[in-house]
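Heads up: the structure comes next, in structure tokens.
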Amino acid sequence: MESKRNFFGLILILCCMVFAESTIVTPEAMQFNMEDLGDAQLGVQDSLAINDSITTAHSSNSSVEAESGIVIGGAIIDSLTSVFPQSDRIFVTIDSFSVNVDSTGNFEGRVGSGLVHFVEISAFGYEHFSKMIQIADSKLYYFVTCALVPLKQAETKNVRVTEEPRVSAKIPWTISGSITNAANDLALSIDGMVLYFDSTIIPVSKASAFKIQTYIGGRHVFRVVVPGYKEIFEPIVLGNADKQPYVTLSTTKIGERAIRREINVSAKREALHVTSSVAKTTISQKELIRTVATTNDPLRVLQTLPGVAAQSDMSAQPIIRGGDPLESRIIMDGLSLIQPYHYGGVRSTANQLAMKSLTLYKSGFPAQYYNAQSGLVVLESRRDLDSTVFDFDLNMLQGGAYLSVPLNKERIALNASAQGSWQDFIFKRVLDVAGSMQGEMQYVNEFKKTINLPDYRDASIGLDFRTPQGVDLTVKEIFNSDLSKLTSPSYTSDSSVTDSFGTLVNPTSGIKTDTSLYYRSYYNILFAKAQKTIDMHRLGTLTAAWQKRWWNVSVPFLDDDFVGTTSIPRYDVSIDIVNLAAGLISTRWANHVVNSGIQLDMSYSRFNVDMLRALHQLIVEGNSNYADYIGPLTGDSGAVYTGNDAGNFGANDLFFGSILAGMYTRYKGTSTSLGVNGYIQDEWHATDRLALSWGMRLEFSSADATLMPSPRVCAKYSLNETHELIGALGMYTQNNYDLASLALSDQLKPEKVWHASIGEERRLLPWLTHKVDIYGKYYFDLTSEFITQDFSDFVNRLISDTTGELLQQYILRVNDPNNPMTTEEIIHQITGKDGIYTSTFENSGKGVAYGIDYMLRYNPADFWSGWISASLGNSIRQRNPGWRWHDSPFSRPLLLYLVNYYRLPRKYEIAVKYRFMSGVPYTEFSTKGDSALVIGPYNNKRYAPYHRFDFKISKGFELKHSSGHLYLEVWNPTNVPNFLLRDRKGGGAQSFAMNWPIPFIYLGIDLKF
Amino acid sequence: MFHTFVRRCLVAIILGITVLAIPGCFFSAHSYNNGKLLNPGENEVTIGVGARKFTDYVILPVYVGAARQTFGLGSYRAVWKPSYCLDYRLGVLPKRPFGRGLEVGMLLEWPTQYGEGLGPPLTEFDFRCGLPLLALSQSIYHHNVSLGWNAGAWVDNGFFAEYAAGIEYKYLLPYANVRINLLSTDVADNSTAISEAGFLDRHDQKVNIRIVAGMSIFLPSMPFLPDIVTPEVSLCTPNWQAPGNVGFSWHIGLGWCHGI
């Protein structure tokens, strides 16, 4: 009998084991599923889909599960490496009950009844981890990915458990906060709201704000009960580091799915209704760093976003939706910058290491920003008050560093950053190697003496304060410089000859090294910004800045070889701007966020410019479009220069270069202007689903004596939690004229553009979002240049020709029976060679742009992220009324980009980038007959597309107090000859572009202390 | 003066970046593909040295004059020339796409054969896809297929497909692989580079086959010393610069695992 009982007992136990095996998903099984999902690494498989699939798979056994209780399992990983820390000092508790952790970092435990459970982990060397799990009706198995955040090295000494003990203190903790709707992040204002702090009821204001004082540290729990909303439990750990924490308790309506605090990946995401915005894209510093082939220039990352193109590989300026480079504005910490580029646009002055994030607006511009028609790029600097930070990046082309040191923790911090290039040094060392390998050192030495590659240097230093009165103050000084001196050799036996700057004669070799181009450019910014939280509903900002940008460029090699040049061509310009601004953000009115302010800009410019028009365009715009260098010289339909038919007038060797050589831009003087602007913008959450944002700017500028309104409105409507409709309409103005147009015009008025944009944003999966924008733009009052030719030279020569030969030639040419020329053709021919050109500017241009942008952005886990973007559009301009509409310079109708980052085990990382862009438009130049030069209508053709693939492999490492990467970048490994510009319909090379010509491999290292 | 100056600048810049960068042509001889793939996050760096036989124009001294001048006759001869390579490989995926994961790699080989002399380095990139293992009686059969390209000289790139197999028995892994190359256009041929239609736009791609056999020997882990030694021989046909149109070379690869 006893043995029979034992037998049935054994059978029962086996059945239970089998049953349990079939109803509980083991961590190993889960890991297998997740690997299938995306070759993911252990423990980083946060996914709603996974949880859902697990729940669905076992829903049929819910009755059995209910008997055995709810199971909470999870995996522990290091948030940086995504692998299990392998420490023997990891303690896991579920509702205060200890749970074992296996060797791979997985754990599992059953819990009793209750709506809320807590998983907590204490691990040596890591911050305390705590996760609240809300129990849903249909779920019986919950999986938590516990990404532990490493403590900073200094804090790990003698620390075993990081949670503050729950003990009383002499100085109380003051907790303030508010209760918000998670759907829109706005304060809830509902009667009957009850807030518990542990078991104590806390009074809550009508605007849902509260304040608590307690002398007891350690762990506490908030409980929020709001009629019609989900009940929320939120833990807080009071530690000595923060005596005045601010807490936001967010809840969602009953019946709507909770979009925060869920135990899935969406817990990390903000609601789509909060984050979605018209034509706005934000890129974090992490994403900036992870993008390949940007030469650490954050603005080059923009050139992978939908609707944003590049002129060439040598330009960092974004071409946004077919606009002109000067129609986009760069804002740094609220300050509008003056041409923040090195060498006209080769790279931006922004230091990636000193930045927190970058935001691009292609439409729906916020009202506080101005002087932009095509795009706004808003840079936000880092602010590290609580810990010492030192980051640096060093590679074969350049290096950069950022340092922040708290002088008084959380009160005062000193920060400094620097970056610079050493292309010239590296280039010469490479030449040394090449010369010694090829036995051509003499030739190499000659090059080294004569060729100097341009380099740049940037530096900044700043102080961040946080006063006890709640004022955040930032003072910063930024200095950027370009310095380049190009020389060219000539051979002479005269050792006494000196160059234009009185130096550099080499009597022994007979090489005279003369300065060809001297380029100095500086940019100094001194600014201070103060922010004060006036009360719970108002935030005030004061900004004061002084910006000075100046250029000293001279080109001695353009001497008397060129017509009309009596002195060394130069570009001496300085611009001083003082910016003052005051702003106020208020949430005093329920469901409204009102942003208003005034801005005062005073500018003084001094200029003395006598420069080849092509170089002027390079300096001002970074414009490398060859056809643009002659500007509107040829009018609407092009021109034909008839070659040597006019030889007797001295114009027998006319070609494109000789026309360019005669075209100068000249202006000299000073300019003073005052701008006074006011703005107001109200973001109104009319309902839980509908948010409206309207704004108005009123702008006065003494530069054009105009008072301009600039209205705008945006709307977004939430179809559901994952689907948002967005739209915007606005008129934007720009009157920060470049100095040439300001100096060479009688009266200008602001350029204007109407933007209209509609689109949708949809979260397809918690980690996958797509966004579509359809846009249209209408530009008007655009500044157009007119070039007039001076005929006086021709007339004077005719008059002064006492022999009458020229007149006779003129008559012969006009009456030539075989090849007659008109007077206009003869004048064209002569002025083409020897003409004197004068530029003027008027507001007679118009433009239209329309298209569609698409972006698919994925971020399933920290180890894998990226985006795919596509754009299809058209951008056309009309330079003068009645003229033909032509393609806008640099407009590229089709753009396709891929950016991907993937981290492998053992801290290897692979990043790839692919860009496809339609070719830019160009003006056709051809010859006819023996020597006639035919210049086609402006921008009547288009080059063949550009495409390039780049990748980067990096290996992470850790040192005692730091971590970093060794990286290798390969640019253009498929060796696409983008430098050759061919017509899109085939044929030979039309021109050359400054695109990377060959595969290029280089190494670098970055480090974070 | 302006044009001379610009031309000098361009020449100097291109000379500089040409050394930093890796232009290329033709095909590689080094392989070291033993059929076995690296796990995700594992890497291997292989330095290869060897020699290849090809036709060179050799001047043979036949007379030394009174003033010690050398007079000679030139002729085409088969000669051995040294060959080097640097191969970097990184495991990426554990299973996909064909069951045994994915590995990426980059190979630099120099000098390549170029006309009658030694040409520039060659850069090659490839993706190796592991195929399911086969268990033999006392060994494991590893095999993979790979697709890749080598950077051509602007007109087009070279592409290749390869199958490699090896049998792992304790510390030895004998292997063989076969590759079919679609070679990039040789721009040294002016008629190819510049046509009536334009510059660098006439394609003239040829096909050849490379067969490699070798043995990977896994060594005990010792500081600084290589983890894998791989001797191999390689045949490329047709190889238009080699005697009999068959290019023959031998190499030894020294591999370090987890080197970088």
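The way I read the labels, and the way they are meant: chains A, B, ... in the order of the structure tokens, residue 1 as the first residue of every chain, and ligand 1 as the first ligand shown, with later ones counted on from there.
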Sorted by chain and rising residue number, which residues of chain A lie within 8 Å of chain B, and what are their closest atom pairs and distances in Å to one decimal, counting only C-alpha atoms, as CSV?
residue,atom,partner,partner_atom,distance
A:Asp39,CA,B:Leu93,CA,6.5
A:Phe427,CA,B:Gly16,CA,6.0
A:Val430,CA,B:Gly16,CA,6.2
A:Leu431,CA,B:Gly16,CA,6.0
A:Ala434,CA,B:Val19,CA,6.7
A:Phe447,CA,B:Ala12,CA,6.9
A:Ile451,CA,B:Cys9,CA,6.8
A:Ser488,CA,B:Phe5,CA,6.1
A:Phe557,CA,B:Phe2,CA,7.1
A:Leu558,CA,B:Phe2,CA,7.6
A:Leu904,CA,B:Gly41,CA,5.1
A:Pro905,CA,B:Gly41,CA,4.7
A:Arg906,CA,B:Gly41,CA,5.2
A:Lys907,CA,B:Gly41,CA,7.1
A:Tyr908,CA,B:Gly41,CA,5.8
A:Lys955,CA,B:Ile260,CA,7.2
A:Pro973,CA,B:Ala151,CA,6.4
A:Thr974,CA,B:Ala151,CA,5.4
A:Asn975,CA,B:Ala151,CA,5.7
A:Val976,CA,B:Trp154,CA,6.0
A:Pro977,CA,B:Trp154,CA,5.3
A:Gly987,CA,B:Ala197,CA,5.5
A:Gly988,CA,B:Gly198,CA,3.4
A:Ala989,CA,B:Phe199,CA,6.1
A:Ile998,CA,B:Pro23,CA,6.3
A:Pro999,CA,B:Ala21,CA,5.7
A:Phe1000,CA,B:Ala21,CA,4.3
A:Ile1001,CA,B:Ala21,CA,6.0
A:Tyr1002,CA,B:Leu20,CA,7.9
Next, the residues of the selection above should be written as a CSV table (one decimal), in the first residue's frame with C-alpha atoms.
chain,number,residue,atom,x,y,z
A,39,ASP,CA,20.1,37.9,-33.9
A,427,PHE,CA,49.6,65.3,-45.8
A,430,VAL,CA,52.4,61.0,-46.2
A,431,LEU,CA,54.3,62.8,-48.9
A,434,ALA,CA,55.5,58.4,-50.7
A,447,PHE,CA,55.6,70.3,-52.9
A,451,ILE,CA,51.5,73.4,-50.9
A,488,SER,CA,52.9,78.6,-55.7
A,557,PHE,CA,48.1,85.4,-57.6
A,558,LEU,CA,45.2,87.2,-59.2
A,904,LEU,CA,28.2,42.9,-31.8
A,905,PRO,CA,29.3,40.9,-28.8
A,906,ARG,CA,32.8,41.7,-27.4
A,907,LYS,CA,32.1,45.4,-28.0
A,908,TYR,CA,32.5,45.4,-31.7
A,955,LYS,CA,36.1,48.1,-31.0
A,973,PRO,CA,35.0,51.4,-50.8
A,974,THR,CA,33.1,50.8,-54.0
A,975,ASN,CA,35.2,53.5,-55.6
A,976,VAL,CA,32.4,55.4,-57.2
A,977,PRO,CA,33.8,58.2,-59.3
A,987,GLY,CA,28.0,61.2,-72.3
A,988,GLY,CA,31.4,62.2,-71.1
A,989,ALA,CA,32.5,64.1,-68.1
A,998,ILE,CA,38.9,57.0,-54.3
A,999,PRO,CA,38.5,54.5,-51.4
A,1000,PHE,CA,39.9,55.9,-48.2
A,1001,ILE,CA,40.8,54.2,-45.0
A,1002,TYR,CA,41.6,55.9,-41.8
Could you pull out the strand (DSSP E) residues of stretch 719-895 of chain A, going by DSSP on the backbone, and write them as an MDAnalysis selection string? chainID A and resid 719:720 723:734 751:765 768:790 836:861 864:878 886:887 894:895
Need to verify the contact set: stretch 200-211 of chain A, 6 Å, only C-alpha atoms, exclusion of same-chain residues closer than 3 positions in sequence. Can you return it as an mmCIF file with N, CA and C atoms, in the first residue's frame?
data_model
loop_
_atom_site.group_PDB
_atom_site.id
_atom_site.type_symbol
_atom_site.label_atom_id
_atom_site.label_comp_id
_atom_site.auth_asym_id
_atom_site.auth_seq_id
_atom_site.Cartn_x
_atom_site.Cartn_y
_atom_site.Cartn_z
ATOM 1 N N ILE A 175 10.010 67.310 -1.746
ATOM 2 C CA ILE A 175 9.655 66.709 -3.047
ATOM 3 C C ILE A 175 8.540 67.558 -3.652
ATOM 4 N N SER A 176 8.763 68.054 -4.825
ATOM 5 C CA SER A 176 7.688 68.746 -5.523
ATOM 6 C C SER A 176 7.444 68.027 -6.838
ATOM 7 N N GLY A 177 6.278 68.251 -7.374
ATOM 8 C CA GLY A 177 5.975 67.559 -8.617
ATOM 9 C C GLY A 177 4.580 67.840 -9.097
ATOM 10 N N SER A 178 4.192 67.109 -10.112
ATOM 11 C CA SER A 178 2.848 67.283 -10.642
ATOM 12 C C SER A 178 2.350 65.971 -11.220
ATOM 13 N N ILE A 179 1.050 65.920 -11.383
ATOM 14 C CA ILE A 179 0.417 64.727 -11.966
ATOM 15 C C ILE A 179 0.008 65.091 -13.389
ATOM 16 N N LEU A 188 -2.808 67.385 -15.175
ATOM 17 C CA LEU A 188 -4.215 67.009 -15.094
ATOM 18 C C LEU A 188 -4.921 67.983 -14.161
ATOM 19 N N SER A 189 -6.106 68.355 -14.517
ATOM 20 C CA SER A 189 -6.876 69.239 -13.649
ATOM 21 C C SER A 189 -8.265 68.625 -13.494
ATOM 22 N N LEU A 195 -3.718 61.823 -4.007
ATOM 23 C CA LEU A 195 -2.309 61.406 -4.085
ATOM 24 C C LEU A 195 -1.878 60.882 -2.724
ATOM 25 N N TYR A 196 -1.336 59.673 -2.738
ATOM 26 C CA TYR A 196 -0.804 59.077 -1.514
ATOM 27 C C TYR A 196 0.717 59.103 -1.578
ATOM 28 N N PHE A 197 1.328 59.470 -0.470
ATOM 29 C CA PHE A 197 2.777 59.315 -0.328
ATOM 30 C C PHE A 197 2.967 58.268 0.760
#
Which residues are close to B:Pro174, i.e. within 7 Å by only C-alpha atoms, leaving aside same-chain residues fewer than 4 positions away? Reply as an NGL selection string. :B and (166-167 or 214-216)
Go through B:Arg77, B:Gly255, B:Pro111, B:Pro238 one by one, measure the shortest atom-to-atom distance of each to B:Thr55 using only C-alpha atoms, and give the residue with the smallest value.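 Residue with the minimum atom-to-atom distance to B:Thr55: B:Arg77.
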Stretch 519-527 of chain A surroundings by only C-alpha atoms, 9 Å radius, close-in-sequence under 6 positions cut, as a VMD selection string: chain A and resid 335 337 to 338 340 342 to 343 454 474 to 486 543 to 555 579
Convert the current residue selection to file output with C-alpha atoms, as an mmCIF file, in the first residue's frame.
data_model
loop_
_atom_site.group_PDB
_atom_site.id
_atom_site.type_symbol
_atom_site.label_atom_id
_atom_site.label_comp_id
_atom_site.auth_asym_id
_atom_site.auth_seq_id
_atom_site.Cartn_x
_atom_site.Cartn_y
_atom_site.Cartn_z
ATOM 1 C CA LEU A 335 21.564 82.087 -30.574
ATOM 2 C CA LEU A 337 24.908 82.169 -35.724
ATOM 3 C CA ILE A 338 26.687 84.000 -38.555
ATOM 4 C CA PRO A 340 29.242 78.932 -38.640
ATOM 5 C CA HIS A 342 35.046 76.779 -41.915
ATOM 6 C CA TYR A 343 36.312 77.749 -45.366
ATOM 7 C CA PRO A 454 43.990 74.443 -44.980
ATOM 8 C CA THR A 474 25.579 79.906 -18.677
ATOM 9 C CA VAL A 475 28.459 82.089 -19.823
ATOM 10 C CA LYS A 476 30.461 80.941 -22.794
ATOM 11 C CA GLU A 477 33.248 82.175 -25.010
ATOM 12 C CA ILE A 478 33.763 80.488 -28.378
ATOM 13 C CA PHE A 479 36.525 81.183 -30.843
ATOM 14 C CA ASN A 480 36.856 79.667 -34.305
ATOM 15 C CA SER A 481 39.609 80.312 -36.768
ATOM 16 C CA ASP A 482 40.664 79.374 -40.264
ATOM 17 C CA LEU A 483 44.161 80.039 -41.383
ATOM 18 C CA SER A 484 45.527 78.963 -44.689
ATOM 19 C CA LYS A 485 48.304 80.209 -46.872
ATOM 20 C CA LEU A 486 48.595 78.678 -50.274
ATOM 21 C CA THR A 543 20.140 85.992 -23.394
ATOM 22 C CA ALA A 544 22.883 88.440 -24.281
ATOM 23 C CA ALA A 545 25.519 87.825 -26.904
ATOM 24 C CA TRP A 546 28.221 89.569 -28.850
ATOM 25 C CA GLN A 547 29.269 87.938 -32.081
ATOM 26 C CA LYS A 548 32.126 89.070 -34.256
ATOM 27 C CA ARG A 549 32.857 87.396 -37.559
ATOM 28 C CA TRP A 550 35.625 88.658 -39.763
ATOM 29 C CA TRP A 551 37.526 87.620 -42.835
ATOM 30 C CA ASN A 552 40.842 88.740 -44.215
ATOM 31 C CA VAL A 553 41.321 87.082 -47.560
ATOM 32 C CA SER A 554 43.734 88.208 -50.217
ATOM 33 C CA VAL A 555 44.644 86.553 -53.479
ATOM 34 C CA ASN A 579 21.920 90.101 -29.574
#
